[in-house]
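Listing of query_7.txt, compact mmCIF, N, CA, C and O atoms
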# COMPACT_ATOMS: atom_id res chain seq x y z
N MET A 1 -118.66 -146.51 29.60
CA MET A 1 -119.09 -145.26 29.02
C MET A 1 -117.86 -144.43 28.70
O MET A 1 -116.87 -144.46 29.42
N LEU A 2 -117.95 -143.69 27.63
CA LEU A 2 -116.86 -142.81 27.26
C LEU A 2 -117.41 -141.58 26.58
O LEU A 2 -118.53 -141.57 26.09
N GLY A 3 -116.65 -140.53 26.58
CA GLY A 3 -117.07 -139.29 25.94
C GLY A 3 -115.91 -138.33 25.83
O GLY A 3 -114.86 -138.52 26.46
N GLY A 4 -116.08 -137.31 25.03
CA GLY A 4 -115.04 -136.33 24.88
C GLY A 4 -115.46 -135.16 24.02
O GLY A 4 -116.53 -135.17 23.40
N ILE A 5 -114.62 -134.16 24.02
CA ILE A 5 -114.79 -133.00 23.15
C ILE A 5 -113.47 -132.77 22.43
O ILE A 5 -112.42 -133.19 22.90
N GLY A 6 -113.53 -132.12 21.29
CA GLY A 6 -112.29 -131.88 20.57
C GLY A 6 -112.54 -131.26 19.21
O GLY A 6 -113.59 -130.68 18.95
N LEU A 7 -111.56 -131.42 18.35
CA LEU A 7 -111.58 -130.85 17.01
C LEU A 7 -111.92 -131.94 16.00
O LEU A 7 -111.31 -133.01 16.01
N ILE A 8 -112.90 -131.69 15.15
CA ILE A 8 -113.24 -132.61 14.06
C ILE A 8 -112.81 -131.96 12.77
O ILE A 8 -113.18 -130.82 12.48
N ARG A 9 -112.01 -132.65 12.00
CA ARG A 9 -111.57 -132.13 10.70
C ARG A 9 -112.30 -132.88 9.61
O ARG A 9 -112.25 -134.11 9.55
N THR A 10 -112.98 -132.15 8.76
CA THR A 10 -113.66 -132.75 7.62
C THR A 10 -112.89 -132.42 6.36
O THR A 10 -112.24 -131.39 6.27
N GLN A 11 -112.96 -133.32 5.40
CA GLN A 11 -112.29 -133.08 4.11
C GLN A 11 -113.14 -133.66 3.00
O GLN A 11 -113.58 -134.80 3.07
N LEU A 12 -113.38 -132.85 1.99
CA LEU A 12 -114.12 -133.26 0.82
C LEU A 12 -113.17 -133.14 -0.37
O LEU A 12 -112.71 -132.05 -0.68
N ASP A 13 -112.86 -134.26 -0.98
CA ASP A 13 -111.96 -134.25 -2.13
C ASP A 13 -112.72 -133.84 -3.38
O ASP A 13 -113.88 -134.19 -3.56
N GLY A 14 -112.07 -133.08 -4.24
CA GLY A 14 -112.70 -132.68 -5.50
C GLY A 14 -113.03 -133.89 -6.35
O GLY A 14 -112.34 -134.89 -6.33
N ALA A 15 -114.11 -133.80 -7.09
CA ALA A 15 -114.53 -134.92 -7.94
C ALA A 15 -115.14 -134.38 -9.22
O ALA A 15 -115.62 -133.25 -9.26
N ASN A 16 -115.11 -135.19 -10.23
CA ASN A 16 -115.72 -134.81 -11.50
C ASN A 16 -116.63 -135.96 -11.91
O ASN A 16 -116.28 -136.79 -12.71
N ASN A 17 -117.83 -135.99 -11.32
CA ASN A 17 -118.80 -137.05 -11.60
C ASN A 17 -119.88 -136.51 -12.52
O ASN A 17 -120.45 -135.46 -12.27
N ALA A 18 -120.21 -137.24 -13.55
CA ALA A 18 -121.30 -136.89 -14.47
C ALA A 18 -121.16 -135.45 -14.96
O ALA A 18 -122.13 -134.70 -14.99
N ASN A 19 -119.96 -135.07 -15.30
CA ASN A 19 -119.66 -133.73 -15.82
C ASN A 19 -119.98 -132.61 -14.83
O ASN A 19 -120.24 -131.48 -15.23
N VAL A 20 -120.01 -132.92 -13.55
CA VAL A 20 -120.22 -131.90 -12.52
C VAL A 20 -118.96 -131.85 -11.68
O VAL A 20 -118.61 -132.81 -11.02
N PHE A 21 -118.28 -130.71 -11.68
CA PHE A 21 -117.06 -130.57 -10.89
C PHE A 21 -117.41 -130.09 -9.49
O PHE A 21 -118.15 -129.14 -9.32
N ARG A 22 -116.89 -130.81 -8.50
CA ARG A 22 -117.07 -130.41 -7.11
C ARG A 22 -115.69 -130.08 -6.55
O ARG A 22 -114.83 -130.94 -6.48
N PRO A 23 -115.48 -128.85 -6.12
CA PRO A 23 -114.16 -128.46 -5.61
C PRO A 23 -113.86 -129.12 -4.28
O PRO A 23 -114.76 -129.50 -3.54
N ALA A 24 -112.58 -129.23 -3.98
CA ALA A 24 -112.15 -129.78 -2.70
C ALA A 24 -112.31 -128.73 -1.62
O ALA A 24 -112.20 -127.54 -1.86
N ALA A 25 -112.58 -129.18 -0.41
CA ALA A 25 -112.72 -128.28 0.73
C ALA A 25 -112.40 -129.04 2.00
O ALA A 25 -112.53 -130.25 2.06
N SER A 26 -111.98 -128.32 3.01
CA SER A 26 -111.77 -128.92 4.32
C SER A 26 -112.16 -127.90 5.38
O SER A 26 -112.23 -126.70 5.10
N ASP A 27 -112.42 -128.39 6.57
CA ASP A 27 -112.89 -127.51 7.62
C ASP A 27 -112.54 -128.12 8.97
O ASP A 27 -112.48 -129.34 9.11
N ASN A 28 -112.31 -127.28 9.95
CA ASN A 28 -112.13 -127.70 11.34
C ASN A 28 -113.31 -127.17 12.13
O ASN A 28 -113.74 -126.03 11.94
N MET A 29 -113.85 -128.00 13.00
CA MET A 29 -114.95 -127.55 13.87
C MET A 29 -114.83 -128.26 15.21
O MET A 29 -114.26 -129.35 15.29
N PHE A 30 -115.35 -127.62 16.23
CA PHE A 30 -115.42 -128.29 17.52
C PHE A 30 -116.50 -129.35 17.46
O PHE A 30 -117.49 -129.21 16.73
N GLY A 31 -116.30 -130.42 18.21
CA GLY A 31 -117.28 -131.48 18.23
C GLY A 31 -117.23 -132.24 19.54
O GLY A 31 -116.40 -131.96 20.40
N TRP A 32 -118.13 -133.19 19.67
CA TRP A 32 -118.16 -134.02 20.86
C TRP A 32 -118.49 -135.45 20.46
O TRP A 32 -118.94 -135.70 19.36
N ASP A 33 -118.19 -136.38 21.37
CA ASP A 33 -118.52 -137.78 21.13
C ASP A 33 -118.94 -138.45 22.42
O ASP A 33 -118.59 -138.01 23.51
N ALA A 34 -119.73 -139.50 22.28
CA ALA A 34 -120.16 -140.32 23.40
C ALA A 34 -120.27 -141.75 22.91
O ALA A 34 -120.55 -142.00 21.74
N GLY A 35 -120.04 -142.69 23.80
CA GLY A 35 -120.12 -144.08 23.39
C GLY A 35 -119.98 -145.04 24.55
O GLY A 35 -119.96 -144.65 25.71
N ALA A 36 -119.85 -146.30 24.19
CA ALA A 36 -119.69 -147.35 25.19
C ALA A 36 -118.84 -148.46 24.57
O ALA A 36 -118.79 -148.61 23.35
N GLY A 37 -118.20 -149.22 25.45
CA GLY A 37 -117.36 -150.31 24.98
C GLY A 37 -117.35 -151.47 25.95
O GLY A 37 -117.76 -151.34 27.09
N VAL A 38 -116.88 -152.60 25.46
CA VAL A 38 -116.74 -153.80 26.28
C VAL A 38 -115.40 -154.45 25.97
O VAL A 38 -114.83 -154.27 24.89
N MET A 39 -114.89 -155.18 26.97
CA MET A 39 -113.64 -155.92 26.79
C MET A 39 -113.77 -157.24 27.54
O MET A 39 -114.28 -157.28 28.66
N GLY A 40 -113.34 -158.31 26.88
CA GLY A 40 -113.37 -159.62 27.51
C GLY A 40 -112.15 -160.42 27.12
O GLY A 40 -111.60 -160.24 26.03
N PHE A 41 -111.69 -161.29 28.02
CA PHE A 41 -110.49 -162.07 27.77
C PHE A 41 -110.81 -163.55 27.67
O PHE A 41 -111.63 -164.08 28.43
N PHE A 42 -110.17 -164.21 26.69
CA PHE A 42 -110.30 -165.65 26.51
C PHE A 42 -109.44 -166.40 27.50
O PHE A 42 -109.78 -167.49 27.94
N ASN A 43 -108.27 -165.84 27.80
CA ASN A 43 -107.34 -166.42 28.77
C ASN A 43 -106.61 -165.27 29.46
O ASN A 43 -107.05 -164.12 29.38
N ASP A 44 -105.49 -165.53 30.09
CA ASP A 44 -104.77 -164.49 30.83
C ASP A 44 -104.12 -163.44 29.93
O ASP A 44 -103.77 -162.37 30.41
N HIS A 45 -103.95 -163.72 28.64
CA HIS A 45 -103.17 -162.82 27.80
C HIS A 45 -103.87 -162.31 26.54
O HIS A 45 -103.38 -161.37 25.92
N ILE A 46 -104.95 -162.92 26.10
CA ILE A 46 -105.58 -162.54 24.82
C ILE A 46 -107.08 -162.32 25.03
O ILE A 46 -107.75 -163.11 25.69
N GLY A 47 -107.56 -161.24 24.42
CA GLY A 47 -108.98 -160.94 24.53
C GLY A 47 -109.47 -160.11 23.35
O GLY A 47 -108.72 -159.84 22.40
N LEU A 48 -110.71 -159.71 23.41
CA LEU A 48 -111.32 -158.85 22.39
C LEU A 48 -111.89 -157.61 23.07
O LEU A 48 -112.31 -157.66 24.22
N ARG A 49 -111.91 -156.52 22.33
CA ARG A 49 -112.55 -155.30 22.80
C ARG A 49 -113.38 -154.73 21.66
O ARG A 49 -113.06 -154.92 20.49
N GLY A 50 -114.43 -154.05 22.00
CA GLY A 50 -115.26 -153.41 21.00
C GLY A 50 -115.87 -152.15 21.58
O GLY A 50 -116.05 -152.03 22.79
N GLU A 51 -116.15 -151.19 20.71
CA GLU A 51 -116.80 -149.97 21.15
C GLU A 51 -117.60 -149.37 20.00
O GLU A 51 -117.37 -149.70 18.84
N ILE A 52 -118.53 -148.52 20.36
CA ILE A 52 -119.27 -147.74 19.38
C ILE A 52 -119.34 -146.31 19.90
O ILE A 52 -119.55 -146.08 21.09
N ARG A 53 -119.09 -145.38 18.99
CA ARG A 53 -119.09 -143.95 19.34
C ARG A 53 -120.02 -143.19 18.41
O ARG A 53 -120.10 -143.50 17.23
N TYR A 54 -120.67 -142.19 18.96
CA TYR A 54 -121.45 -141.24 18.18
C TYR A 54 -120.70 -139.92 18.21
O TYR A 54 -120.39 -139.40 19.28
N LEU A 55 -120.36 -139.40 17.03
CA LEU A 55 -119.62 -138.14 16.92
C LEU A 55 -120.51 -137.10 16.27
O LEU A 55 -121.25 -137.40 15.33
N ARG A 56 -120.40 -135.85 16.74
CA ARG A 56 -121.24 -134.78 16.20
C ARG A 56 -120.45 -133.47 16.19
O ARG A 56 -119.81 -133.12 17.17
N GLY A 57 -120.50 -132.78 15.04
CA GLY A 57 -119.89 -131.47 14.91
C GLY A 57 -120.80 -130.39 15.44
O GLY A 57 -121.98 -130.61 15.69
N THR A 58 -120.25 -129.17 15.57
CA THR A 58 -121.02 -128.10 16.20
C THR A 58 -121.66 -127.13 15.22
O THR A 58 -122.40 -126.25 15.63
N HIS A 59 -121.36 -127.22 13.93
CA HIS A 59 -122.01 -126.31 12.98
C HIS A 59 -122.19 -126.98 11.63
O HIS A 59 -121.62 -128.03 11.38
N ASP A 60 -122.99 -126.35 10.78
CA ASP A 60 -123.33 -126.92 9.48
C ASP A 60 -122.12 -126.92 8.55
O ASP A 60 -121.36 -125.97 8.51
N MET A 61 -122.00 -127.97 7.76
CA MET A 61 -120.94 -128.04 6.77
C MET A 61 -121.11 -126.95 5.71
O MET A 61 -120.16 -126.32 5.32
N ASN A 62 -122.30 -126.72 5.22
CA ASN A 62 -122.50 -125.76 4.14
C ASN A 62 -122.13 -124.35 4.56
O ASN A 62 -121.60 -123.59 3.77
N GLU A 63 -122.42 -123.96 5.80
CA GLU A 63 -122.05 -122.63 6.27
C GLU A 63 -120.55 -122.46 6.36
O GLU A 63 -120.01 -121.42 6.05
N SER A 64 -119.85 -123.49 6.75
CA SER A 64 -118.42 -123.36 6.98
C SER A 64 -117.61 -123.46 5.69
O SER A 64 -116.58 -122.82 5.57
N THR A 65 -118.06 -124.26 4.73
CA THR A 65 -117.28 -124.44 3.51
C THR A 65 -117.76 -123.56 2.37
O THR A 65 -117.01 -123.27 1.46
N GLY A 66 -119.02 -123.18 2.41
CA GLY A 66 -119.57 -122.37 1.32
C GLY A 66 -119.80 -123.15 0.05
O GLY A 66 -119.99 -122.56 -1.01
N ILE A 67 -119.80 -124.46 0.11
CA ILE A 67 -120.00 -125.28 -1.09
C ILE A 67 -121.47 -125.67 -1.16
O ILE A 67 -121.97 -126.38 -0.31
N ASN A 68 -122.16 -125.19 -2.16
CA ASN A 68 -123.58 -125.48 -2.30
C ASN A 68 -123.85 -126.80 -3.00
O ASN A 68 -124.96 -127.29 -2.96
N SER A 69 -122.86 -127.37 -3.67
CA SER A 69 -123.08 -128.61 -4.39
C SER A 69 -123.12 -129.82 -3.46
O SER A 69 -123.51 -130.89 -3.88
N VAL A 70 -122.72 -129.65 -2.22
CA VAL A 70 -122.77 -130.74 -1.25
C VAL A 70 -124.01 -130.54 -0.40
O VAL A 70 -124.15 -129.53 0.28
N ASP A 71 -124.93 -131.49 -0.45
CA ASP A 71 -126.19 -131.34 0.26
C ASP A 71 -126.19 -132.19 1.52
O ASP A 71 -126.29 -133.40 1.46
N PHE A 72 -126.06 -131.55 2.65
CA PHE A 72 -126.16 -132.25 3.93
C PHE A 72 -127.51 -131.95 4.59
O PHE A 72 -127.69 -132.15 5.77
N ASN A 73 -128.47 -131.43 3.84
CA ASN A 73 -129.83 -131.15 4.31
C ASN A 73 -129.86 -130.23 5.52
O ASN A 73 -130.77 -130.30 6.33
N GLY A 74 -128.87 -129.38 5.67
CA GLY A 74 -128.86 -128.43 6.77
C GLY A 74 -128.59 -129.05 8.13
O GLY A 74 -128.70 -128.38 9.14
N ASN A 75 -128.27 -130.32 8.18
CA ASN A 75 -128.00 -130.98 9.46
C ASN A 75 -126.56 -130.77 9.87
O ASN A 75 -125.69 -130.56 9.04
N LYS A 76 -126.32 -130.88 11.13
CA LYS A 76 -124.96 -130.84 11.62
C LYS A 76 -124.27 -132.14 11.24
O LYS A 76 -124.90 -133.17 11.08
N LEU A 77 -122.94 -132.08 11.06
CA LEU A 77 -122.17 -133.28 10.75
C LEU A 77 -122.29 -134.24 11.93
O LEU A 77 -122.04 -133.87 13.08
N HIS A 78 -122.68 -135.49 11.67
CA HIS A 78 -122.77 -136.50 12.72
C HIS A 78 -122.64 -137.88 12.10
O HIS A 78 -123.03 -138.10 10.95
N PHE A 79 -122.06 -138.80 12.86
CA PHE A 79 -121.91 -140.17 12.37
C PHE A 79 -121.59 -141.10 13.54
O PHE A 79 -121.19 -140.67 14.62
N TRP A 80 -121.80 -142.41 13.30
CA TRP A 80 -121.46 -143.47 14.25
C TRP A 80 -120.18 -144.13 13.79
O TRP A 80 -119.94 -144.28 12.60
N ARG A 81 -119.34 -144.57 14.75
CA ARG A 81 -118.10 -145.27 14.41
C ARG A 81 -117.92 -146.48 15.33
O ARG A 81 -117.59 -146.34 16.50
N PRO A 82 -118.13 -147.69 14.80
CA PRO A 82 -117.86 -148.89 15.59
C PRO A 82 -116.41 -149.33 15.40
O PRO A 82 -115.78 -149.04 14.38
N SER A 83 -115.86 -150.02 16.39
CA SER A 83 -114.52 -150.58 16.25
C SER A 83 -114.42 -151.86 17.08
O SER A 83 -115.12 -152.03 18.06
N ILE A 84 -113.54 -152.74 16.64
CA ILE A 84 -113.29 -153.99 17.32
C ILE A 84 -111.79 -154.28 17.22
O ILE A 84 -111.15 -153.89 16.26
N GLY A 85 -111.23 -154.91 18.25
CA GLY A 85 -109.81 -155.18 18.21
C GLY A 85 -109.42 -156.32 19.13
O GLY A 85 -110.19 -156.76 19.98
N VAL A 86 -108.21 -156.80 18.94
CA VAL A 86 -107.62 -157.84 19.77
C VAL A 86 -106.79 -157.16 20.86
O VAL A 86 -106.10 -156.19 20.60
N VAL A 87 -106.88 -157.69 22.08
CA VAL A 87 -106.15 -157.13 23.23
C VAL A 87 -105.11 -158.14 23.70
O VAL A 87 -105.42 -159.32 23.86
N PHE A 88 -103.89 -157.67 23.89
CA PHE A 88 -102.81 -158.49 24.45
C PHE A 88 -102.37 -157.85 25.76
O PHE A 88 -102.17 -156.64 25.84
N ARG A 89 -102.19 -158.66 26.79
CA ARG A 89 -101.66 -158.11 28.05
C ARG A 89 -100.61 -159.03 28.63
O ARG A 89 -100.46 -160.16 28.32

As structure tokens, what does this structure read like?
Amino acid sequence: MLGGIGLIRTQLDGANNANVFRPAASDNMFGWDAGAGVMGFFNDHIGLRGEIRYLRGTHDMNESTGINSVDFNGNKLHFWRPSIGVVFR
């Protein structure tokens, strides 16, 4: 099990899709995460590790950036992040 709190930085790059200009914006917000991971070794020196985390911001993107063209449906910023890697010891 793992978890934490900290700063989440969001960034929206400006785009010009279908003749609609969306300005760039960025924001910092407090957030938290929780997850779980596993690690296993094939031999004494090489193994694999994997984890999945759920991250969530503390306030709405639209309120903080003031950009109405980005529709997050009034939900708080949240997402899952899986990762996998090779372990050497």

Using only N, CA, C and O atoms, find all polymer residues with an atom at most 6 Å away from the point (-119.2, -139.1, 26.2); report them as a ChimeraX atom specification. /A:2-4,33-35

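Candidate residues A:Ile8, A:Ser83, A:Gly57, A:Met1 were compared for distance to Asn28 of chain A, and the nearest is A:Ile8, using only C-alpha atoms.
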
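We find atom O of Pro82 of chain A and atom N of Asp13 of chain A to be spaced 21.5 Å apart.
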
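Restricting the calculation to all atoms listed in the file, the smallest distance between Met29 of chain A and any of A:Ile5, A:Gly47, A:Val87, A:Phe41 is found for A:Ile5.
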
In the coordinate frame of the file, compute which residues have an atom within 8 Å of (-124.4, -135.9, 19.8) when using all atoms listed in the file, and state them as a ChimeraX atom specification. /A:32-34,54-57,77-79

For each of A:Asp44, A:Gln11, A:Ile84, A:Ile52, take the minimum atom-to-atom distance to Ser26 of chain A, counting only N, CA, C and O atoms, then give the residue where this is smallest. A:Gln11
